[in-house]
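Colleague: For reference, this is input31.cif, and it has mmCIF, C-alpha atoms and all ligand atoms.
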data_query
loop_
_atom_site.label_atom_id
_atom_site.label_comp_id
_atom_site.auth_asym_id
_atom_site.auth_seq_id
_atom_site.Cartn_x
_atom_site.Cartn_y
_atom_site.Cartn_z
CA MET E 1 78.34 -47.70 21.48
CA SER E 2 79.07 -50.31 18.81
CA LYS E 3 78.14 -49.50 15.24
CA ARG E 4 74.50 -50.09 14.41
CA ILE E 5 73.65 -52.11 11.31
CA SER E 6 70.29 -51.34 9.74
CA LEU E 7 68.16 -53.88 7.89
CA THR E 8 69.06 -52.10 4.63
CA GLN E 9 72.79 -52.37 5.29
CA TYR E 10 72.45 -56.02 6.31
CA LEU E 11 70.56 -56.82 3.11
CA ILE E 12 73.04 -54.97 0.90
CA GLU E 13 75.83 -56.95 2.53
CA GLN E 14 73.83 -60.15 1.90
CA GLN E 15 73.49 -59.06 -1.71
CA ARG E 16 77.26 -58.77 -2.03
CA GLY E 17 78.19 -61.77 0.13
CA GLU E 18 77.61 -65.54 0.25
CA ALA E 19 73.84 -65.46 -0.11
CA GLN E 20 74.05 -63.09 -3.12
CA ILE E 21 70.42 -62.11 -2.91
CA PRO E 22 69.17 -60.29 -6.02
CA SER E 23 68.30 -56.61 -5.67
CA GLN E 24 64.59 -57.31 -6.37
CA LEU E 25 64.49 -59.69 -3.43
CA ARG E 26 66.18 -57.11 -1.22
CA LEU E 27 63.57 -54.57 -2.25
CA LEU E 28 60.80 -57.06 -1.51
CA ILE E 29 62.10 -57.73 2.01
CA GLU E 30 62.47 -54.02 2.70
CA VAL E 31 58.91 -53.39 1.56
CA VAL E 32 57.57 -56.18 3.78
CA ALA E 33 59.57 -54.73 6.70
CA ARG E 34 58.09 -51.30 6.01
CA ALA E 35 54.60 -52.80 6.05
CA CYS E 36 55.40 -54.50 9.37
CA LYS E 37 56.38 -51.13 10.87
CA SER E 38 53.04 -49.74 9.82
CA ILE E 39 51.20 -52.78 11.28
CA ALA E 40 53.22 -52.38 14.51
CA ILE E 41 51.99 -48.79 14.80
CA SER E 42 48.34 -49.87 14.39
CA VAL E 43 48.82 -52.69 16.91
CA ASN E 44 50.26 -50.26 19.43
CA LYS E 45 47.36 -47.83 19.10
CA GLY E 46 44.94 -50.52 20.26
CA ALA E 47 41.63 -49.11 21.46
CA LEU E 48 42.82 -45.57 20.63
CA GLY E 49 43.11 -46.50 16.97
CA GLU E 50 39.79 -48.36 16.94
CA VAL E 51 41.61 -51.45 15.72
CA LEU E 52 40.32 -53.94 18.31
CA GLY E 53 37.41 -56.34 17.95
CA THR E 54 35.92 -58.35 15.14
CA ALA E 55 35.29 -57.09 11.63
CA GLY E 56 32.00 -58.98 11.34
CA SER E 57 33.23 -61.10 8.41
CA GLU E 58 34.77 -64.53 7.81
CA ASN E 59 37.83 -65.48 5.77
CA VAL E 60 37.95 -68.18 3.09
CA GLN E 61 38.68 -70.77 5.79
CA GLY E 62 35.54 -69.90 7.76
CA GLU E 63 37.39 -68.09 10.56
CA VAL E 64 35.98 -64.89 12.04
CA GLN E 65 38.12 -61.95 10.94
CA LYS E 66 39.36 -59.37 13.42
CA LYS E 67 39.69 -55.74 12.34
CA LEU E 68 43.47 -56.06 12.58
CA ASP E 69 43.51 -59.17 10.34
CA ILE E 70 41.99 -57.01 7.61
CA ILE E 71 44.07 -53.90 8.32
CA ALA E 72 47.32 -55.90 8.27
CA ASN E 73 46.30 -57.64 5.04
CA GLU E 74 45.56 -54.31 3.34
CA VAL E 75 48.82 -52.76 4.56
CA LEU E 76 50.83 -55.66 3.10
CA ILE E 77 49.01 -55.55 -0.24
CA GLU E 78 49.23 -51.79 -0.64
CA ALA E 79 52.92 -51.75 0.26
CA ASN E 80 53.82 -54.58 -2.11
CA GLU E 81 51.69 -54.20 -5.22
CA TRP E 82 53.43 -51.29 -6.94
CA GLY E 83 57.18 -51.91 -6.45
CA GLY E 84 57.67 -54.13 -9.51
CA HIS E 85 59.21 -56.94 -7.48
CA LEU E 86 56.14 -59.21 -7.31
CA ALA E 87 53.99 -61.18 -9.71
CA ALA E 88 51.30 -62.10 -7.17
CA MET E 89 50.47 -62.51 -3.50
CA ALA E 90 48.47 -64.98 -1.41
CA SER E 91 47.21 -64.49 2.12
CA GLU E 92 45.28 -66.25 4.85
CA GLU E 93 42.72 -63.47 4.60
CA MET E 94 42.07 -63.59 0.84
CA GLU E 95 40.39 -66.06 -1.42
CA GLY E 96 42.62 -67.18 -4.28
CA ILE E 97 45.70 -65.27 -5.34
CA TYR E 98 46.08 -61.52 -5.69
CA LEU E 99 47.63 -60.54 -9.01
CA VAL E 100 49.69 -57.37 -9.19
CA PRO E 101 47.39 -54.90 -11.03
CA ASN E 102 48.18 -54.35 -14.70
CA ARG E 103 49.09 -50.72 -14.15
CA TYR E 104 52.22 -51.82 -12.26
CA PRO E 105 55.24 -53.73 -13.57
CA GLN E 106 55.34 -57.45 -12.81
CA GLY E 107 58.27 -58.97 -10.95
CA GLU E 108 59.49 -62.53 -10.59
CA TYR E 109 58.57 -63.23 -6.97
CA LEU E 110 55.52 -64.63 -5.21
CA LEU E 111 54.72 -63.47 -1.68
CA LEU E 112 52.62 -65.43 0.81
CA PHE E 113 51.61 -64.17 4.23
CA ASP E 114 49.65 -64.64 7.39
CA PRO E 115 49.10 -60.90 7.94
CA LEU E 116 48.18 -61.24 11.59
CA ASP E 117 49.08 -64.41 13.43
CA GLY E 118 47.64 -65.07 16.88
CA SER E 119 44.44 -63.10 16.24
CA SER E 120 42.84 -64.36 19.47
CA ASN E 121 45.50 -62.38 21.36
CA ILE E 122 44.82 -58.98 19.74
CA ASP E 123 42.15 -57.79 22.15
CA VAL E 124 43.93 -59.09 25.26
CA ASN E 125 47.19 -57.25 24.54
CA VAL E 126 49.38 -60.33 24.10
CA SER E 127 52.09 -60.75 21.43
CA ILE E 128 50.94 -61.26 17.84
CA GLY E 129 52.81 -61.19 14.54
CA THR E 130 53.08 -61.29 10.76
CA ILE E 131 54.56 -64.30 8.93
CA PHE E 132 55.78 -64.24 5.33
CA SER E 133 57.26 -66.57 2.74
CA VAL E 134 58.80 -65.74 -0.65
CA LEU E 135 58.94 -68.04 -3.66
CA LYS E 136 60.25 -67.53 -7.16
CA LYS E 137 57.61 -67.57 -9.90
CA PRO E 138 58.23 -70.51 -12.26
CA GLU E 139 59.33 -69.54 -15.77
CA GLY E 140 56.61 -68.73 -18.27
CA SER E 141 54.12 -66.01 -18.91
CA GLY E 142 51.25 -65.19 -16.58
CA VAL E 143 50.82 -66.41 -13.04
CA SER E 144 48.36 -68.87 -11.54
CA GLU E 145 47.59 -70.45 -8.19
CA GLN E 146 49.47 -73.53 -9.39
CA ASP E 147 52.69 -71.46 -9.44
CA PHE E 148 52.42 -71.05 -5.67
CA LEU E 149 52.23 -74.78 -4.99
CA GLN E 150 55.94 -75.29 -4.37
CA ALA E 151 57.50 -77.21 -1.48
CA GLY E 152 58.88 -75.11 1.41
CA ALA E 153 62.42 -76.12 0.42
CA LYS E 154 62.00 -73.81 -2.60
CA GLN E 155 61.53 -70.66 -0.48
CA VAL E 156 64.03 -67.88 -1.22
CA ALA E 157 63.21 -65.78 1.86
CA ALA E 158 61.06 -66.23 4.93
CA GLY E 159 60.46 -64.22 8.04
CA TYR E 160 58.15 -63.01 10.71
CA CYS E 161 57.66 -59.87 12.73
CA VAL E 162 56.54 -60.21 16.34
CA TYR E 163 54.60 -57.32 17.86
CA GLY E 164 55.39 -57.79 21.53
CA PRO E 165 57.10 -55.70 24.23
CA GLN E 166 59.53 -55.07 21.35
CA THR E 167 58.80 -55.27 17.64
CA THR E 168 61.28 -57.77 16.23
CA LEU E 169 61.77 -58.84 12.63
CA VAL E 170 63.33 -62.26 12.09
CA LEU E 171 64.61 -63.17 8.68
CA THR E 172 66.31 -65.86 6.64
CA VAL E 173 67.45 -65.78 3.04
CA GLY E 174 69.05 -69.21 3.39
CA ASP E 175 72.22 -68.04 5.10
CA GLY E 176 71.27 -68.40 8.76
CA VAL E 177 68.80 -66.37 10.79
CA ALA E 178 69.09 -62.71 11.80
CA MET E 179 66.97 -60.65 14.19
CA PHE E 180 66.26 -56.92 13.91
CA THR E 181 64.67 -54.76 16.59
CA PHE E 182 62.48 -51.83 15.57
CA ASP E 183 63.91 -48.52 16.80
CA ARG E 184 60.84 -46.32 17.02
CA GLU E 185 62.76 -43.05 17.35
CA GLN E 186 64.81 -43.76 14.23
CA GLY E 187 61.98 -45.53 12.41
CA SER E 188 64.27 -48.39 11.36
CA PHE E 189 64.99 -52.03 12.06
CA VAL E 190 68.43 -52.52 13.62
CA LEU E 191 70.35 -55.81 13.58
CA THR E 192 70.37 -57.15 17.14
CA GLN E 193 71.33 -60.80 16.62
CA GLU E 194 73.03 -62.73 13.87
CA ASN E 195 73.55 -66.49 13.45
CA VAL E 196 70.65 -67.34 15.75
CA ARG E 197 71.01 -70.95 16.99
CA ILE E 198 68.39 -73.12 18.68
CA PRO E 199 69.87 -75.39 21.36
CA GLU E 200 69.53 -79.06 20.31
CA ASP E 201 68.08 -80.10 23.67
CA THR E 202 65.41 -78.46 25.75
CA LYS E 203 63.28 -78.75 28.87
CA GLU E 204 60.39 -76.67 27.55
CA PHE E 205 57.43 -77.71 25.39
CA ALA E 206 54.52 -75.79 23.87
CA ILE E 207 51.20 -77.39 22.99
CA ASN E 208 47.54 -76.61 23.64
CA MET E 209 46.98 -79.12 26.44
CA SER E 210 43.21 -78.72 26.28
CA ASN E 211 43.27 -80.93 23.18
CA MET E 212 45.08 -83.77 24.97
CA ARG E 213 42.18 -86.21 24.83
CA HIS E 214 42.06 -85.85 21.03
CA TRP E 215 45.77 -86.46 20.34
CA ASP E 216 47.32 -89.36 18.56
CA ALA E 217 49.37 -91.94 20.54
CA PRO E 218 52.90 -90.63 19.71
CA ILE E 219 52.07 -87.09 20.88
CA LYS E 220 50.39 -88.42 24.05
CA ARG E 221 53.45 -90.53 24.74
CA TYR E 222 55.84 -87.60 24.27
CA VAL E 223 53.89 -85.19 26.48
CA ASP E 224 53.22 -87.86 29.15
CA GLU E 225 56.96 -88.46 29.36
CA CYS E 226 57.63 -84.72 29.71
CA LEU E 227 55.00 -84.46 32.45
CA ALA E 228 56.51 -87.42 34.33
CA GLY E 229 59.60 -85.25 34.93
CA THR E 230 62.60 -86.54 36.89
CA THR E 231 60.86 -89.77 37.86
CA GLY E 232 59.88 -90.61 34.26
CA PRO E 233 61.89 -91.98 31.31
CA ARG E 234 63.26 -88.52 30.44
CA GLY E 235 64.79 -88.13 33.88
CA LYS E 236 64.28 -84.35 33.92
CA ASP E 237 61.52 -81.87 34.69
CA PHE E 238 59.93 -79.95 31.81
CA ASN E 239 58.33 -76.53 31.73
CA MET E 240 55.34 -75.68 29.54
CA ARG E 241 54.37 -72.51 27.63
CA TRP E 242 51.51 -71.84 25.21
CA ILE E 243 51.03 -68.29 23.94
CA ALA E 244 48.51 -69.20 21.19
CA SER E 245 50.47 -67.03 18.74
CA MET E 246 52.75 -69.22 16.68
CA VAL E 247 55.07 -66.26 16.07
CA ALA E 248 55.51 -65.65 19.79
CA ASP E 249 56.00 -69.34 20.58
CA VAL E 250 58.52 -69.73 17.75
CA HIS E 251 60.30 -66.56 18.82
CA ARG E 252 60.80 -67.98 22.32
CA ILE E 253 62.17 -71.19 20.79
CA LEU E 254 64.64 -69.24 18.63
CA THR E 255 65.72 -67.34 21.72
CA ARG E 256 66.09 -70.12 24.30
CA GLY E 257 65.13 -73.42 22.65
CA GLY E 258 62.05 -75.56 23.09
CA ILE E 259 59.54 -77.50 21.07
CA PHE E 260 56.27 -76.33 19.51
CA MET E 261 53.53 -78.73 18.53
CA TYR E 262 50.21 -78.24 16.84
CA PRO E 263 49.59 -81.82 15.80
CA TRP E 264 46.72 -83.41 13.93
CA ASP E 265 44.02 -84.47 16.37
CA GLN E 266 40.69 -86.28 16.36
CA ARG E 267 38.47 -83.22 16.68
CA GLU E 268 38.19 -83.07 12.90
CA PRO E 269 39.87 -86.26 11.67
CA GLY E 270 39.66 -85.26 8.01
CA LYS E 271 41.65 -82.07 8.63
CA PRO E 272 45.42 -82.64 8.54
CA GLY E 273 46.04 -80.07 11.29
CA LYS E 274 45.17 -76.50 12.24
CA LEU E 275 48.13 -74.53 10.95
CA ARG E 276 48.52 -73.65 7.32
CA LEU E 277 51.42 -75.17 5.37
CA MET E 278 52.19 -72.35 2.98
CA TYR E 279 52.21 -69.27 5.16
CA GLU E 280 52.73 -70.63 8.66
CA ALA E 281 54.50 -74.00 8.68
CA ASN E 282 56.83 -73.49 5.69
CA PRO E 283 58.29 -70.08 6.63
CA MET E 284 58.57 -71.02 10.31
CA GLY E 285 59.97 -74.45 9.41
CA TRP E 286 62.70 -72.93 7.26
CA ILE E 287 63.62 -70.32 9.86
CA VAL E 288 63.87 -73.03 12.53
CA GLU E 289 66.01 -75.25 10.27
CA GLN E 290 68.25 -72.32 9.40
CA ALA E 291 68.81 -71.86 13.15
CA GLY E 292 69.84 -75.50 13.57
CA GLY E 293 66.43 -76.83 14.65
CA ALA E 294 64.05 -79.20 12.86
CA ALA E 295 60.47 -79.07 11.58
CA SER E 296 58.30 -82.07 10.80
CA ASN E 297 54.73 -83.33 10.62
CA GLY E 298 55.78 -86.41 12.59
CA HIS E 299 56.47 -88.41 9.46
CA GLN E 300 58.14 -86.06 7.03
CA ARG E 301 60.18 -82.88 6.94
CA ILE E 302 57.71 -79.98 6.58
CA LEU E 303 59.82 -78.40 3.83
CA ASP E 304 59.58 -81.54 1.67
CA ILE E 305 55.78 -81.59 1.58
CA GLN E 306 54.43 -80.92 -1.91
CA PRO E 307 51.40 -78.65 -1.40
CA SER E 308 48.25 -79.49 -3.31
CA GLN E 309 46.34 -76.36 -2.38
CA LEU E 310 46.98 -72.84 -1.15
CA TYR E 311 45.13 -73.21 2.15
CA GLU E 312 46.43 -76.68 2.95
CA ARG E 313 46.74 -77.46 6.65
CA VAL E 314 49.45 -79.53 8.25
CA SER E 315 50.49 -81.10 11.53
CA VAL E 316 53.42 -79.12 12.94
CA ILE E 317 56.24 -80.18 15.27
CA LEU E 318 59.23 -77.85 15.33
CA GLY E 319 62.08 -76.58 17.47
CA SER E 320 65.04 -78.16 19.25
CA LYS E 321 66.41 -80.83 16.95
CA ASN E 322 66.76 -83.76 19.34
CA GLU E 323 63.19 -83.37 20.57
CA VAL E 324 61.74 -83.22 17.04
CA GLU E 325 63.73 -86.34 16.14
CA ARG E 326 62.42 -88.07 19.26
CA ILE E 327 58.83 -87.31 18.28
CA ASN E 328 59.48 -88.51 14.72
CA ALA E 329 60.83 -91.76 16.21
CA TYR E 330 57.67 -92.14 18.35
CA HIS E 331 55.56 -91.75 15.21
CA ALA E 332 57.66 -94.34 13.35
CA ALA E 333 57.43 -96.78 16.30
CA SER E 334 53.66 -96.34 16.48
CA ALA E 335 53.27 -96.89 12.73
CA GLN E 336 55.42 -100.04 13.02
CA GLN E 337 53.18 -101.38 15.82
CA GLN E 338 50.05 -100.84 13.78
CA ARG E 339 51.45 -102.86 10.89
P1 LIG T 401 45.77 -67.17 13.19
O1 LIG T 401 45.53 -66.15 14.25
O2 LIG T 401 46.60 -66.65 12.06
O3 LIG T 401 44.51 -67.86 12.72
O4 LIG T 401 46.72 -68.31 13.77
C1 LIG T 401 46.52 -68.81 15.08
C2 LIG T 401 47.25 -70.11 15.23
C3 LIG T 401 48.64 -70.01 15.81
O5 LIG T 401 49.21 -68.76 15.83
C4 LIG T 401 48.51 -70.52 17.21
O6 LIG T 401 49.63 -71.27 17.56
C5 LIG T 401 47.27 -71.36 17.19
O7 LIG T 401 46.51 -70.92 16.10
C6 LIG T 401 46.47 -71.26 18.44
O8 LIG T 401 45.42 -72.15 18.36
P2 LIG T 401 44.51 -72.52 19.63
O9 LIG T 401 43.68 -71.34 19.92
O10 LIG T 401 43.74 -73.73 19.11
O11 LIG T 401 45.44 -72.87 20.77
MN MN T 402 48.37 -67.75 11.96
MN MN T 403 46.24 -64.91 10.78
#
Now, as a test, write the supplied structure out as C-alpha cells.
Ligand code: AHG
Ligand code: MN
Ligand code: MN
Modeller:
Amino acid sequence: MSKRISLTQYLIEQQRGEAQIPSQLRLLIEVVARACKSIAISVNKGALGEVLGTAGSENVQGEVQKKLDIIANEVLIEANEWGGHLAAMASEEMEGIYLVPNRYPQGEYLLLFDPLDGSSNIDVNVSIGTIFSVLKKPEGSGVSEQDFLQAGAKQVAAGYCVYGPQTTLVLTVGDGVAMFTFDREQGSFVLTQENVRIPEDTKEFAINMSNMRHWDAPIKRYVDECLAGTTGPRGKDFNMRWIASMVADVHRILTRGGIFMYPWDQREPGKPGKLRLMYEANPMGWIVEQAGGAASNGHQRILDIQPSQLYERVSVILGSKNEVERINAYHAASAQQQR
C-alpha cells in the first residue's frame, strides 16, 4: 500500500512549502477538521442520536432551523473558541458576529461558516455538508462586523466537508485543491486527491428547474439550449442533477465537471439570490477557481464582490470554466440588448 498522508502532514508540508501557511492557520484548519469529524458522527447517528427534525426556531434570515443546524453550529464554536487562533466567528445560524470570549487568547483570523449546508436533506438521508471560509483580521485593536466585510479574493483558506457515503474534506489555502477522506477506524482525514482539476467543458448542469418560470432571460437561454441537446445550438445532449445541497453539487463538479447555478429570480425581485456570499459563494467560488473552474454572478467574478453585509445573498454560477464564461456572455448580450 502506498504511504498515507494525513491532513496534519499535508498542512505541515504546506507550511514549509510554496503556500507557507502560518502555524496559526494550520491549527485553525485542523480544529475545523476536528469539528467536522464530530459533526459527521452526529449525522451518521441519525434517528438513533435524536438529531433529526426541526429545532422549532428560526435563524436570523427567517429560515426554520433543524436540530443538526444548531448542533453543527455549537460544535464549530466550541471547537474553535479556545485555541487562540481566532478573533471572531460568523455563521449562518447566528445573529451578528461571535467574539472569542475574553478568557481565551485572541488570534488574528476570522472564521465564517455555514455549519450545515443542505438542511432540507438531513431527514431524508441525502448528502449534506459544512462550508467554511477564513479571512485575516485587519490590523488594529478589537474586532467588529465591518472587519468581516472583505471580498472573497482576500480569503486565506476555504473548504467544505461533505457528509455523504464517505465523509470528505476539501480544502484550499491558495495552492490548488486537495481532498481528504475520513478514515473512521483511524479517526483521521487522509489525503486522497491532490491538484483537483475541473474539466473546462461539460455536459452536465445543476439548477432547480422548478424555478424556471421565474428566471431571467440569459439563464433561460442557457438552459433551453442545454435541453435542446444534439439538435440545438450546443450540438450535444446534456444531463441534469440537482441535489439541493450546494456542497454535494459542488463536490460532483470538482470530481467530474459540470455547472451549478442558483441565479437571481423573480420570486423575490429585491433579493439578489438565495445563497449567501460570505459563507457559501465565496468559499465555494475560491475552491472552484483553485481547481481551474470559474465562479460568477453573471456579471462579475464572485470573489471580486465587495460585501456590504454579513448575510448578503448573491446569484451564483460556478463550475466548468467554458460554461461559466458562456453564461457571462449571455448576460452581457442581454444587457446590451436592453440598452
Ligand atoms: P442551507 O441548508 O444552508 O440553507 O443551504 C441550502 C442551499 C444550498 O445548499 C442548495 O443548493 C439550495 O439551498 C437548495 O435550494 P432549493 O431548495 O431552493 O433548491
Ligand atoms: Mn447552505
Ligand atoms: Mn446551512
Colleague: Can you tell me which residues come within 6 Å of ligand MN 402 (chain T) when counting only C-alpha atoms and all ligand atoms, ideally as a ChimeraX atom specification?
Modeller: /E:114,117-118
Colleague: Nearest to ligand LIG 401 (chain T) among E:Pro269, E:Gly53, E:Gly298, E:Pro115, with distances taken over only C-alpha atoms and all ligand atoms: which residue is it?
Modeller: E:Pro115
Colleague: Residues within 12 Å of ligand MN 403 (chain T) (all atoms listed in the file), as a PyMOL selection string?
Modeller: chain E and resi 58-61+63-73+91-94+112-122+128-132+244-247+274-276+279-280
Colleague: Got a sec: who's within 8 Å of E:Val143, counting all atoms listed in the file, leaving out chain neighbours fewer than 3 positions off, as a list in words?
Modeller: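 Contacts, in chain order: Ala87, Ala88, Leu99, Lys137 and Asp147 of chain E.
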Colleague: So how many Å separate atom CA of E:Arg184 and atom CA of E:Arg26, to one decimal?
Modeller: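 Between these atoms lies a distance of 21.9 Å.
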Colleague: Just give me the gap between atom CA of E:Glu30 and atom O7 of ligand LIG 401 (chain T) in Å, one decimal is fine.
Modeller: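 Taking atom CA of E:Glu30 as the start and atom O7 of ligand LIG 401 (chain T) as the end point, the length is 26.8 Å.
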Colleague: Do you have the atom CA of E:Gln150-atom CA of E:Leu135 distance handy?
Modeller: 7.9 Å
Colleague: Do a neighbour search on E:Ala335 at 12 Å with all atoms listed in the file, toss out local chain neighbours closer than 5 positions, and write the hits as a PyMOL selection string.
Modeller: chain E and resi 216-218+298-299+328-330
Colleague: Only C-alpha atoms, please: the residues just picked out, written as a compact mmCIF listing (two decimals), in the frame of the given file.
Modeller:
# COMPACT_ATOMS: atom_id res chain seq x y z
CA ASP E 216 47.32 -89.36 18.56
CA ALA E 217 49.37 -91.94 20.54
CA PRO E 218 52.90 -90.63 19.71
CA GLY E 298 55.78 -86.41 12.59
CA HIS E 299 56.47 -88.41 9.46
CA ASN E 328 59.48 -88.51 14.72
CA ALA E 329 60.83 -91.76 16.21
CA TYR E 330 57.67 -92.14 18.35
Colleague: Tell me which of E:Glu95, E:Asp201, E:Glu108, E:Glu194 sits closest to E:Val134, counting only C-alpha atoms.
Modeller: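 Smallest separation from E:Val134 among the options: E:Glu108.
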Colleague: Find the residue from E:Ser144, E:Asn125, E:Asn211, E:Thr167 that sits nearest to E:Val100; use all atoms listed in the file when measuring.
Modeller: E:Ser144
Colleague: Is it possible to get the residues within 9 Å of (60.9, -75.6, 4.1) (coordinates as in the file, counting all atoms listed in the file) written as a PyMOL selection string?
Modeller: chain E and resi 151-155+281-287+289+295+301-305
Colleague: Pick from E:Gln186, E:Thr181, E:Ser127, E:Gln290: nearest to ligand LIG 401 (chain T), with all atoms listed in the file counted?
Modeller: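 The answer is E:Ser127, which sits nearest to ligand LIG 401 (chain T).
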Colleague: Counting all atoms listed in the file, which residues come within 12 Å of (54.8, -50.5, 10.8), with the point read in the file's coordinates, and could you list them as a ChimeraX atom specification?
Modeller: /E:30-45,71-72,75-76,79,129-130,161-163,167-169,182-184,187-189
